[in-house]
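*Asks:* File name my_file02.txt; file contents compact mmCIF, N, CA and C atoms; full text below.
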# COMPACT_ATOMS: atom_id res chain seq x y z
N MET A 191 0.84 -1.17 0.00
CA MET A 191 0.00 0.00 0.00
C MET A 191 0.90 1.24 0.00
N LYS A 192 0.54 2.20 -0.81
CA LYS A 192 1.31 3.44 -0.92
C LYS A 192 0.83 4.44 0.12
N ASP A 193 1.67 5.43 0.40
CA ASP A 193 1.30 6.48 1.35
C ASP A 193 0.02 7.18 0.94
N VAL A 194 -0.15 7.40 -0.35
CA VAL A 194 -1.36 8.09 -0.83
C VAL A 194 -2.60 7.26 -0.54
N ASP A 195 -2.48 5.92 -0.61
CA ASP A 195 -3.61 5.05 -0.29
C ASP A 195 -3.94 5.12 1.19
N LEU A 196 -2.93 5.09 2.02
CA LEU A 196 -3.13 5.20 3.47
C LEU A 196 -3.80 6.52 3.81
N LYS A 197 -3.39 7.56 3.12
CA LYS A 197 -3.94 8.89 3.36
C LYS A 197 -5.45 8.93 3.10
N ILE A 198 -5.91 8.17 2.12
CA ILE A 198 -7.34 8.12 1.81
C ILE A 198 -8.13 7.62 3.01
N PHE A 199 -7.63 6.59 3.68
CA PHE A 199 -8.33 6.05 4.85
C PHE A 199 -8.26 7.01 6.03
N VAL A 200 -7.10 7.60 6.25
CA VAL A 200 -6.93 8.55 7.35
C VAL A 200 -7.86 9.75 7.15
N GLU A 201 -7.89 10.28 5.94
CA GLU A 201 -8.77 11.41 5.66
C GLU A 201 -10.24 11.03 5.81
N GLY A 202 -10.57 9.79 5.48
CA GLY A 202 -11.95 9.31 5.67
C GLY A 202 -12.34 9.30 7.14
N ALA A 203 -11.41 8.92 8.00
CA ALA A 203 -11.69 8.92 9.45
C ALA A 203 -11.85 10.35 9.95
N VAL A 204 -11.00 11.25 9.51
CA VAL A 204 -11.09 12.65 9.93
C VAL A 204 -12.43 13.24 9.48
N ARG A 205 -12.81 12.97 8.24
CA ARG A 205 -14.07 13.47 7.70
C ARG A 205 -15.27 12.91 8.49
N TYR A 206 -15.22 11.62 8.81
CA TYR A 206 -16.32 11.02 9.56
C TYR A 206 -16.53 11.76 10.89
N PHE A 207 -15.47 11.92 11.64
CA PHE A 207 -15.61 12.54 12.96
C PHE A 207 -16.02 14.01 12.86
N SER A 208 -15.51 14.72 11.88
CA SER A 208 -15.88 16.13 11.78
C SER A 208 -17.33 16.30 11.34
N GLN A 209 -17.82 15.43 10.46
CA GLN A 209 -19.20 15.55 9.98
C GLN A 209 -20.21 14.92 10.92
N ILE A 210 -19.91 13.77 11.45
CA ILE A 210 -20.88 13.04 12.26
C ILE A 210 -20.81 13.44 13.72
N ALA A 211 -19.62 13.50 14.27
CA ALA A 211 -19.47 13.79 15.70
C ALA A 211 -19.39 15.29 15.96
N GLY A 212 -19.14 16.06 14.91
CA GLY A 212 -19.10 17.51 15.08
C GLY A 212 -17.86 18.04 15.77
N ASP A 213 -16.87 17.21 15.95
CA ASP A 213 -15.64 17.62 16.63
C ASP A 213 -14.45 17.31 15.75
N ARG A 214 -13.41 18.05 15.98
CA ARG A 214 -12.15 17.78 15.29
C ARG A 214 -11.52 16.54 15.91
N VAL A 215 -10.93 15.75 15.06
CA VAL A 215 -10.23 14.55 15.51
C VAL A 215 -8.76 14.74 15.17
N GLU A 216 -7.91 14.20 16.00
CA GLU A 216 -6.48 14.26 15.75
C GLU A 216 -6.01 12.86 15.37
N MET A 217 -5.36 12.78 14.23
CA MET A 217 -4.80 11.50 13.80
C MET A 217 -3.32 11.51 14.13
N ALA A 218 -2.90 10.57 14.94
CA ALA A 218 -1.47 10.43 15.23
C ALA A 218 -0.81 9.74 14.04
N VAL A 219 0.49 9.73 14.02
CA VAL A 219 1.24 9.14 12.91
C VAL A 219 0.98 7.63 12.87
N PRO A 220 0.53 7.11 11.71
CA PRO A 220 0.32 5.67 11.58
C PRO A 220 1.64 4.92 11.74
N PHE A 221 1.54 3.71 12.26
CA PHE A 221 2.73 2.87 12.43
C PHE A 221 2.41 1.47 11.95
N LEU A 222 3.46 0.70 11.66
CA LEU A 222 3.28 -0.68 11.22
C LEU A 222 2.98 -1.58 12.41
N LYS A 223 1.95 -2.41 12.25
CA LYS A 223 1.63 -3.40 13.28
C LYS A 223 2.68 -4.50 13.20
N LYS A 224 3.14 -4.92 14.34
CA LYS A 224 4.13 -6.01 14.39
C LYS A 224 3.42 -7.35 14.15
N PRO A 225 4.09 -8.30 13.52
CA PRO A 225 3.49 -9.62 13.33
C PRO A 225 3.09 -10.22 14.68
N GLY A 226 1.90 -10.75 14.75
CA GLY A 226 1.41 -11.35 15.98
C GLY A 226 0.83 -10.37 16.98
N GLU A 227 1.04 -9.08 16.76
CA GLU A 227 0.51 -8.05 17.66
C GLU A 227 -0.99 -7.91 17.44
N THR A 228 -1.74 -7.79 18.52
CA THR A 228 -3.18 -7.58 18.44
C THR A 228 -3.49 -6.14 18.82
N VAL A 229 -4.23 -5.47 17.96
CA VAL A 229 -4.68 -4.12 18.23
C VAL A 229 -6.19 -4.17 18.27
N ALA A 230 -6.74 -4.29 19.47
CA ALA A 230 -8.19 -4.38 19.63
C ALA A 230 -8.59 -3.83 20.99
N LEU A 231 -9.64 -3.02 20.98
CA LEU A 231 -10.19 -2.47 22.21
C LEU A 231 -11.52 -3.18 22.50
N ASP A 232 -12.47 -2.50 23.10
CA ASP A 232 -13.72 -3.16 23.52
C ASP A 232 -14.60 -3.62 22.36
N CYS A 233 -14.62 -2.85 21.29
CA CYS A 233 -15.54 -3.15 20.18
C CYS A 233 -14.85 -2.82 18.86
N THR A 234 -14.96 -3.73 17.89
CA THR A 234 -14.24 -3.59 16.62
C THR A 234 -15.18 -3.87 15.46
N GLY A 235 -15.23 -2.93 14.51
CA GLY A 235 -15.98 -3.12 13.27
C GLY A 235 -15.00 -3.47 12.17
N VAL A 236 -15.18 -4.63 11.53
CA VAL A 236 -14.25 -5.15 10.54
C VAL A 236 -14.91 -5.17 9.16
N ILE A 237 -14.16 -4.72 8.15
CA ILE A 237 -14.61 -4.74 6.76
C ILE A 237 -13.60 -5.53 5.93
N GLY A 238 -14.07 -6.55 5.24
CA GLY A 238 -13.22 -7.29 4.30
C GLY A 238 -13.18 -6.56 2.97
N ILE A 239 -12.03 -6.61 2.32
CA ILE A 239 -11.83 -5.94 1.03
C ILE A 239 -11.52 -7.01 -0.01
N SER A 240 -12.20 -6.94 -1.16
CA SER A 240 -11.91 -7.86 -2.26
C SER A 240 -12.00 -7.08 -3.57
N GLY A 241 -11.79 -7.77 -4.67
CA GLY A 241 -11.79 -7.10 -5.97
C GLY A 241 -10.37 -6.85 -6.43
N ASN A 242 -10.11 -5.62 -6.90
CA ASN A 242 -8.77 -5.33 -7.41
C ASN A 242 -7.74 -5.19 -6.30
N ARG A 243 -8.19 -5.10 -5.07
CA ARG A 243 -7.32 -5.09 -3.89
C ARG A 243 -7.92 -6.08 -2.90
N LYS A 244 -7.08 -6.66 -2.08
CA LYS A 244 -7.57 -7.62 -1.10
C LYS A 244 -7.00 -7.28 0.26
N GLY A 245 -7.77 -7.58 1.29
CA GLY A 245 -7.31 -7.32 2.64
C GLY A 245 -8.48 -6.98 3.55
N MET A 246 -8.21 -6.06 4.47
CA MET A 246 -9.24 -5.68 5.43
C MET A 246 -8.89 -4.35 6.07
N ILE A 247 -9.92 -3.72 6.65
CA ILE A 247 -9.70 -2.59 7.53
C ILE A 247 -10.58 -2.83 8.75
N TYR A 248 -10.18 -2.25 9.86
CA TYR A 248 -11.10 -2.26 10.99
C TYR A 248 -10.90 -1.04 11.86
N PHE A 249 -12.00 -0.68 12.52
CA PHE A 249 -12.02 0.41 13.48
C PHE A 249 -12.27 -0.21 14.84
N THR A 250 -11.41 0.09 15.81
CA THR A 250 -11.57 -0.47 17.14
C THR A 250 -11.54 0.65 18.17
N SER A 251 -12.45 0.55 19.14
CA SER A 251 -12.64 1.62 20.11
C SER A 251 -13.06 1.06 21.47
N GLY A 252 -12.83 1.85 22.49
CA GLY A 252 -13.33 1.51 23.82
C GLY A 252 -14.81 1.83 23.92
N ASN A 253 -15.48 1.17 24.84
CA ASN A 253 -16.91 1.41 25.03
C ASN A 253 -17.22 2.85 25.45
N ALA A 254 -16.33 3.46 26.24
CA ALA A 254 -16.58 4.83 26.70
C ALA A 254 -16.63 5.79 25.51
N MET A 255 -15.68 5.66 24.59
CA MET A 255 -15.68 6.52 23.40
C MET A 255 -16.92 6.28 22.56
N LEU A 256 -17.25 5.02 22.31
CA LEU A 256 -18.44 4.71 21.51
C LEU A 256 -19.70 5.22 22.19
N GLY A 257 -19.75 5.10 23.52
CA GLY A 257 -20.91 5.61 24.26
C GLY A 257 -21.05 7.11 24.10
N GLU A 258 -19.95 7.83 24.17
CA GLU A 258 -20.01 9.28 24.01
C GLU A 258 -20.37 9.65 22.58
N LEU A 259 -19.88 8.88 21.61
CA LEU A 259 -20.27 9.12 20.22
C LEU A 259 -21.77 8.88 20.03
N VAL A 260 -22.28 7.79 20.59
CA VAL A 260 -23.72 7.50 20.50
C VAL A 260 -24.50 8.67 21.09
N HIS A 261 -24.08 9.13 22.26
CA HIS A 261 -24.75 10.26 22.90
C HIS A 261 -24.67 11.52 22.03
N SER A 262 -23.50 11.77 21.46
CA SER A 262 -23.28 12.95 20.63
C SER A 262 -24.12 12.92 19.36
N ILE A 263 -24.27 11.74 18.78
CA ILE A 263 -24.98 11.60 17.50
C ILE A 263 -26.48 11.46 17.69
N LEU A 264 -26.87 10.58 18.62
CA LEU A 264 -28.28 10.24 18.78
C LEU A 264 -28.95 10.92 19.96
N GLY A 265 -28.14 11.48 20.86
CA GLY A 265 -28.71 12.02 22.08
C GLY A 265 -29.01 10.87 23.04
N GLY A 266 -29.56 11.18 24.16
CA GLY A 266 -29.88 10.14 25.12
C GLY A 266 -28.63 9.54 25.73
N SER A 267 -28.79 8.35 26.26
CA SER A 267 -27.72 7.67 26.97
C SER A 267 -26.78 6.96 26.01
N GLY A 268 -25.51 6.93 26.34
CA GLY A 268 -24.53 6.16 25.57
C GLY A 268 -24.36 4.76 26.15
N ASP A 269 -25.27 4.36 27.05
CA ASP A 269 -25.16 3.07 27.71
C ASP A 269 -25.73 1.91 26.90
N ASP A 270 -26.35 2.19 25.77
CA ASP A 270 -26.98 1.17 24.94
C ASP A 270 -25.91 0.36 24.21
N ALA A 271 -25.68 -0.86 24.67
CA ALA A 271 -24.62 -1.71 24.09
C ALA A 271 -24.87 -1.98 22.61
N ALA A 272 -26.12 -2.22 22.23
CA ALA A 272 -26.42 -2.49 20.82
C ALA A 272 -26.09 -1.29 19.94
N ALA A 273 -26.36 -0.10 20.43
CA ALA A 273 -26.05 1.12 19.66
C ALA A 273 -24.54 1.29 19.52
N ARG A 274 -23.79 0.98 20.57
CA ARG A 274 -22.33 1.09 20.49
C ARG A 274 -21.78 0.10 19.47
N ILE A 275 -22.28 -1.12 19.49
CA ILE A 275 -21.85 -2.16 18.57
C ILE A 275 -22.16 -1.75 17.13
N ASP A 276 -23.39 -1.28 16.90
CA ASP A 276 -23.78 -0.83 15.56
C ASP A 276 -22.89 0.30 15.08
N LEU A 277 -22.56 1.22 15.98
CA LEU A 277 -21.75 2.37 15.61
C LEU A 277 -20.33 1.96 15.20
N ALA A 278 -19.74 1.00 15.88
CA ALA A 278 -18.40 0.53 15.50
C ALA A 278 -18.42 -0.01 14.07
N GLY A 279 -19.44 -0.77 13.73
CA GLY A 279 -19.57 -1.27 12.37
C GLY A 279 -19.83 -0.16 11.37
N GLU A 280 -20.66 0.82 11.76
CA GLU A 280 -20.98 1.93 10.86
C GLU A 280 -19.74 2.78 10.56
N ILE A 281 -18.92 3.02 11.57
CA ILE A 281 -17.71 3.82 11.36
C ILE A 281 -16.79 3.11 10.37
N ALA A 282 -16.53 1.83 10.58
CA ALA A 282 -15.68 1.07 9.66
C ALA A 282 -16.26 1.07 8.25
N ASN A 283 -17.57 0.87 8.15
CA ASN A 283 -18.24 0.82 6.86
C ASN A 283 -18.17 2.16 6.14
N THR A 284 -18.36 3.25 6.87
CA THR A 284 -18.32 4.58 6.28
C THR A 284 -16.92 4.90 5.75
N ILE A 285 -15.90 4.59 6.54
CA ILE A 285 -14.52 4.85 6.12
C ILE A 285 -14.18 4.01 4.88
N ALA A 286 -14.57 2.73 4.88
CA ALA A 286 -14.31 1.87 3.72
C ALA A 286 -15.11 2.35 2.51
N GLY A 287 -16.35 2.78 2.73
CA GLY A 287 -17.17 3.28 1.63
C GLY A 287 -16.60 4.54 1.01
N ASN A 288 -16.08 5.43 1.84
CA ASN A 288 -15.43 6.63 1.32
C ASN A 288 -14.19 6.27 0.50
N ALA A 289 -13.45 5.27 0.95
CA ALA A 289 -12.27 4.83 0.21
C ALA A 289 -12.69 4.23 -1.14
N ARG A 290 -13.81 3.54 -1.14
CA ARG A 290 -14.30 2.93 -2.38
C ARG A 290 -14.57 4.00 -3.43
N GLU A 291 -15.04 5.16 -3.00
CA GLU A 291 -15.26 6.26 -3.94
C GLU A 291 -13.96 6.66 -4.63
N GLN A 292 -12.85 6.57 -3.90
CA GLN A 292 -11.55 6.93 -4.47
C GLN A 292 -10.95 5.81 -5.31
N PHE A 293 -11.10 4.57 -4.86
CA PHE A 293 -10.46 3.44 -5.53
C PHE A 293 -11.29 2.87 -6.67
N GLY A 294 -12.59 3.17 -6.72
CA GLY A 294 -13.44 2.72 -7.82
C GLY A 294 -14.26 1.49 -7.49
N ALA A 295 -15.11 1.11 -8.43
CA ALA A 295 -16.08 0.04 -8.23
C ALA A 295 -15.45 -1.33 -8.03
N ASP A 296 -14.21 -1.53 -8.48
CA ASP A 296 -13.53 -2.82 -8.29
C ASP A 296 -12.96 -2.98 -6.88
N PHE A 297 -13.10 -1.95 -6.07
CA PHE A 297 -12.71 -2.01 -4.66
C PHE A 297 -13.98 -2.40 -3.91
N MET A 298 -14.12 -3.69 -3.65
CA MET A 298 -15.38 -4.19 -3.07
C MET A 298 -15.22 -4.38 -1.57
N ILE A 299 -16.25 -3.94 -0.84
CA ILE A 299 -16.22 -4.02 0.62
C ILE A 299 -17.35 -4.93 1.11
N SER A 300 -17.05 -5.65 2.17
CA SER A 300 -18.05 -6.53 2.76
C SER A 300 -18.96 -5.73 3.70
N ILE A 301 -20.00 -6.39 4.16
CA ILE A 301 -20.78 -5.78 5.23
C ILE A 301 -19.92 -5.86 6.50
N PRO A 302 -20.13 -4.96 7.44
CA PRO A 302 -19.29 -5.00 8.64
C PRO A 302 -19.57 -6.22 9.51
N VAL A 303 -18.51 -6.73 10.08
CA VAL A 303 -18.59 -7.75 11.12
C VAL A 303 -18.13 -7.05 12.39
N VAL A 304 -18.89 -7.14 13.46
CA VAL A 304 -18.52 -6.46 14.69
C VAL A 304 -18.16 -7.50 15.74
N VAL A 305 -17.03 -7.27 16.40
CA VAL A 305 -16.52 -8.18 17.41
C VAL A 305 -16.34 -7.41 18.71
N GLU A 306 -16.82 -7.98 19.78
CA GLU A 306 -16.59 -7.39 21.10
C GLU A 306 -15.41 -8.08 21.74
N GLY A 307 -14.51 -7.30 22.32
CA GLY A 307 -13.35 -7.86 23.01
C GLY A 307 -12.28 -8.30 22.04
N ALA A 308 -11.63 -9.41 22.38
CA ALA A 308 -10.49 -9.92 21.59
C ALA A 308 -10.93 -10.33 20.19
N LEU A 309 -10.04 -10.16 19.24
CA LEU A 309 -10.32 -10.55 17.85
C LEU A 309 -9.98 -12.02 17.66
N LYS A 310 -10.80 -12.89 18.18
CA LYS A 310 -10.49 -14.32 18.18
C LYS A 310 -10.40 -14.92 16.79
N ASN A 311 -11.36 -14.67 15.94
CA ASN A 311 -11.38 -15.30 14.61
C ASN A 311 -11.13 -14.30 13.49
N ILE A 312 -10.61 -13.15 13.82
CA ILE A 312 -10.30 -12.13 12.83
C ILE A 312 -8.78 -12.01 12.76
N THR A 313 -8.24 -12.20 11.57
CA THR A 313 -6.80 -12.08 11.41
C THR A 313 -6.48 -11.01 10.37
N THR A 314 -5.33 -10.41 10.50
CA THR A 314 -4.87 -9.44 9.52
C THR A 314 -4.02 -10.17 8.50
N PRO A 315 -3.93 -9.65 7.28
CA PRO A 315 -3.13 -10.31 6.24
C PRO A 315 -1.67 -10.43 6.65
N ASN A 316 -1.06 -11.55 6.29
CA ASN A 316 0.36 -11.77 6.58
C ASN A 316 1.25 -11.31 5.43
N ASP A 317 0.67 -11.15 4.24
CA ASP A 317 1.48 -10.87 3.06
C ASP A 317 1.56 -9.39 2.69
N VAL A 318 0.99 -8.52 3.52
CA VAL A 318 1.06 -7.07 3.28
C VAL A 318 1.33 -6.36 4.61
N PRO A 319 1.93 -5.18 4.54
CA PRO A 319 2.09 -4.41 5.77
C PRO A 319 0.72 -4.00 6.31
N VAL A 320 0.57 -4.04 7.60
CA VAL A 320 -0.67 -3.63 8.26
C VAL A 320 -0.36 -2.37 9.06
N TYR A 321 -1.08 -1.29 8.73
CA TYR A 321 -0.86 0.00 9.38
C TYR A 321 -1.90 0.24 10.45
N VAL A 322 -1.46 0.88 11.53
CA VAL A 322 -2.34 1.26 12.63
C VAL A 322 -2.32 2.78 12.73
N ALA A 323 -3.49 3.39 12.57
CA ALA A 323 -3.60 4.84 12.64
C ALA A 323 -4.36 5.21 13.92
N PRO A 324 -3.68 5.75 14.93
CA PRO A 324 -4.36 6.16 16.16
C PRO A 324 -5.26 7.38 15.90
N ILE A 325 -6.47 7.30 16.42
CA ILE A 325 -7.45 8.37 16.29
C ILE A 325 -7.71 8.93 17.68
N LYS A 326 -7.44 10.20 17.86
CA LYS A 326 -7.68 10.84 19.16
C LYS A 326 -8.87 11.78 19.01
N TRP A 327 -9.91 11.49 19.79
CA TRP A 327 -11.14 12.28 19.79
C TRP A 327 -11.49 12.59 21.24
N ARG A 328 -11.59 13.87 21.51
CA ARG A 328 -11.79 14.32 22.88
C ARG A 328 -10.70 13.70 23.76
N SER A 329 -11.05 12.96 24.79
CA SER A 329 -10.02 12.37 25.65
C SER A 329 -9.76 10.90 25.33
N TYR A 330 -10.28 10.42 24.20
CA TYR A 330 -10.23 9.00 23.87
C TYR A 330 -9.25 8.72 22.73
N THR A 331 -8.81 7.47 22.67
CA THR A 331 -8.01 7.00 21.54
C THR A 331 -8.63 5.71 21.01
N ALA A 332 -8.82 5.69 19.70
CA ALA A 332 -9.28 4.51 18.99
C ALA A 332 -8.24 4.24 17.90
N TYR A 333 -8.44 3.17 17.15
CA TYR A 333 -7.48 2.83 16.10
C TYR A 333 -8.19 2.42 14.82
N LEU A 334 -7.63 2.88 13.71
CA LEU A 334 -8.03 2.43 12.40
C LEU A 334 -6.89 1.54 11.90
N VAL A 335 -7.18 0.28 11.59
CA VAL A 335 -6.16 -0.67 11.18
C VAL A 335 -6.43 -1.03 9.71
N ILE A 336 -5.38 -0.91 8.89
CA ILE A 336 -5.53 -1.09 7.46
C ILE A 336 -4.49 -2.07 6.94
N GLY A 337 -4.92 -3.15 6.32
CA GLY A 337 -4.02 -4.12 5.71
C GLY A 337 -4.56 -4.50 4.34
N ILE A 338 -4.09 -3.81 3.29
CA ILE A 338 -4.62 -4.01 1.94
C ILE A 338 -3.47 -4.10 0.95
N GLN A 339 -3.62 -5.00 -0.03
CA GLN A 339 -2.62 -5.12 -1.10
C GLN A 339 -2.55 -3.84 -1.89
Could you render the structure from this file as structure tokens?
*Replies:*
Amino acid sequence: MKDVDLKIFVEGAVRYFSQIAGDRVEMAVPFLKKPGETVALDCTGVIGISGNRKGMIYFTSGNAMLGELVHSILGGSGDDAAARIDLAGEIANTIAGNAREQFGADFMISIPVVVEGALKNITTPNDVPVYVAPIKWRSYTAYLVIGIQ
């Protein structure tokens, strides 16, 4: 993956938070995930990528951040576990969908799979570099993980 490709995903995350959450988000410098390293918080939305590129992206966040996002977007309490889970999948799907606009129709994305806790049956590609982009929003940190040919 080229720097320009990584930038498309990072900009998609920035755009999501500024439009949906109404706040500026700070993206820290992306880094390479080490082989065997797990980057997962309380809830993770995973999108598989196929077509002219193959791999996956995922957005992982703590429940507190997702709860505050739910509250910020929908109002009411951020204690609704189902809403937090749905939001993790929606964020990953939105970022992947925005990237699809840049990469074209042959960049096919799956429906989101959402995992709570450890990523037991979700693996990142071994044949491509996997980048981790820290997302800082308010007092929280989440991660966008990208591993695409």
*Asks:* Just list the residues in chain A DSSP gives alpha helix (DSSP H) on the backbone, as JSON, numbers by chain.
*Replies:* {"A": [193, 194, 195, 196, 197, 198, 199, 200, 201, 202, 203, 204, 205, 206, 253, 254, 255, 256, 257, 258, 259, 260, 261, 262, 263, 264, 271, 272, 273, 274, 275, 276, 277, 278, 279, 280, 281, 282, 283, 284, 285, 286, 287, 288, 289, 290, 291, 292, 293]}
*Asks:* Considering all atoms listed in the file, can you say which of A:Ala254, A:Val322, A:Val236, A:Ile336 comes closest to A:Ile301?
*Replies:*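 Among the listed residues, the smallest separation from A:Ile301 belongs to A:Val236.
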*Asks:* Rounded to one decimal place, report the atom CA of A:Ala323-atom CA of A:Leu264 distance in Å.
*Replies:*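 Going from atom CA of A:Ala323 over to atom CA of A:Leu264 covers 26.0 Å.
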*Asks:* Skip A:Asp213 itself and residues of its chain fewer than 5 positions away, then list as a compact mmCIF listing (two decimals) with N, CA and C atoms, in the coordinates of the input all residues within 8 Å of it, counting only N, CA and C atoms.
*Replies:*
# COMPACT_ATOMS: atom_id res chain seq x y z
N VAL A 204 -11.00 11.25 9.51
CA VAL A 204 -11.09 12.65 9.93
C VAL A 204 -12.43 13.24 9.48
N TYR A 206 -15.22 11.62 8.81
CA TYR A 206 -16.32 11.02 9.56
C TYR A 206 -16.53 11.76 10.89
N PHE A 207 -15.47 11.92 11.64
CA PHE A 207 -15.61 12.54 12.96
C PHE A 207 -16.02 14.01 12.86
N SER A 208 -15.51 14.72 11.88
CA SER A 208 -15.88 16.13 11.78
C SER A 208 -17.33 16.30 11.34
N TRP A 327 -9.91 11.49 19.79
CA TRP A 327 -11.14 12.28 19.79
C TRP A 327 -11.49 12.59 21.24
N ARG A 328 -11.59 13.87 21.51
CA ARG A 328 -11.79 14.32 22.88
C ARG A 328 -10.70 13.70 23.76
*Asks:* In Å, how far is it from atom C of A:Ala282 to atom C of A:Gly226?
*Replies:*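 Computed distance, atom C of A:Ala282 to atom C of A:Gly226, equals 22.3 Å.
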*Asks:* Which one of A:Asn283, A:Pro315, A:Ile247, A:Gly307 sits closest to A:Leu334 if you count all atoms listed in the file?
*Replies:*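 Once distances to A:Leu334 are computed over all atoms listed in the file, the minimum belongs to A:Ile247.
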*Asks:* What does the distance between atom CA of A:Ile237 and atom C of A:Met255 come to in Å, to one decimal place?
*Replies:*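 These two atoms are separated by 19.4 Å.
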*Asks:* So that I can check the surroundings of A:Ile239, please list as a list in words every protein, DNA and RNA residue that reaches within 12 Å of it, counting only C-alpha atoms and ignoring chain neighbours fewer than 5 positions away.
*Replies:*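 Within the cut-off, the hits are Lys244, Gly245, Met246, Ile247, Tyr248, Ala282, Asn283, Ala286, Gly287, Ala289, Arg290, Phe293, Ala295, Asp296, Phe297, Met298, Ile299, Ser300, Ile301, Pro302, Thr314, Pro315, Ile336, Gly337, Ile338 and Gln339 of chain A.
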*Asks:* So that all listed atoms of stretch 268-276 of chain A fit with 4 Å spare on each side, what axis-aligned box centre and edge lengths in Å, to one decimal, would you give as AutoDock Vina command-line options?
*Replies:*
--center_x -24.4 --center_y 2.2 --center_z 21.4 --size_x 13.2 --size_y 17.4 --size_z 20.6
*Asks:* For a quick check of understanding, using all atoms listed in the file, which of A:Gly235, A:Ile325, A:Leu196, A:Asn242 has the smallest distance to A:Ile281?
*Replies:*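 Among the listed residues, the smallest separation from A:Ile281 belongs to A:Gly235.
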*Asks:* Identify which of the residues A:Glu306, A:Val260, A:Gly265, A:Val215 lies closest to A:Leu231, counting only N, CA and C atoms when measuring atom-to-atom distances.
*Replies:*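 Nearest to A:Leu231: A:Glu306.
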*Asks:* Which is closer to A:Asp232 than all the others in A:Ala332, A:Pro319, A:Val303, A:Gln209, using only C-alpha atoms?
*Replies:* A:Ala332
*Asks:* Go through A:Glu201, A:Glu216, A:Glu258, A:Asp270 one by one, measure the shortest atom-to-atom distance of each to A:Pro324 using only C-alpha atoms, and give the residue with the smallest value.
*Replies:*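 Looking only at the distances to A:Pro324, the closest residue turns out to be A:Glu216.
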*Asks:* If we count only C-alpha atoms, what is near A:Leu256 at a cut-off of 10 Å, once residues fewer than 4 positions away on the same chain are taken out, given as JSON, numbers by chain?
*Replies:* {"A": [232, 233, 250, 251, 252, 260, 261, 262, 268, 269, 270, 271, 273, 274, 275, 276, 277, 278, 330, 332]}
*Asks:* Counting only N, CA and C atoms, which residues come within 8 Å of (-3.5, -13.3, 20.9), with the point read in the file's coordinates, and could you list them as JSON, numbers by chain?
*Replies:* {"A": [226, 227, 228, 308, 309, 310]}
*Asks:* Print the selection's residues with N, CA and C atoms to a file, as a short mmCIF file (atom, residue, chain, number, x, y, z; two decimals), in the coordinates of the input.
*Replies:*
data_model
loop_
_atom_site.label_atom_id
_atom_site.label_comp_id
_atom_site.auth_asym_id
_atom_site.auth_seq_id
_atom_site.Cartn_x
_atom_site.Cartn_y
_atom_site.Cartn_z
N GLY A 226 1.90 -10.75 14.75
CA GLY A 226 1.41 -11.35 15.98
C GLY A 226 0.83 -10.37 16.98
N GLU A 227 1.04 -9.08 16.76
CA GLU A 227 0.51 -8.05 17.66
C GLU A 227 -0.99 -7.91 17.44
N THR A 228 -1.74 -7.79 18.52
CA THR A 228 -3.18 -7.58 18.44
C THR A 228 -3.49 -6.14 18.82
N ALA A 308 -11.63 -9.41 22.38
CA ALA A 308 -10.49 -9.92 21.59
C ALA A 308 -10.93 -10.33 20.19
N LEU A 309 -10.04 -10.16 19.24
CA LEU A 309 -10.32 -10.55 17.85
C LEU A 309 -9.98 -12.02 17.66
N LYS A 310 -10.80 -12.89 18.18
CA LYS A 310 -10.49 -14.32 18.18
C LYS A 310 -10.40 -14.92 16.79
#
*Asks:* I need the strand (DSSP E) residues of stretch 260-334 of chain A per DSSP on the backbone, written as a PyMOL selection string.
*Replies:* chain A and resi 297-299+303-306+321-327+330-334
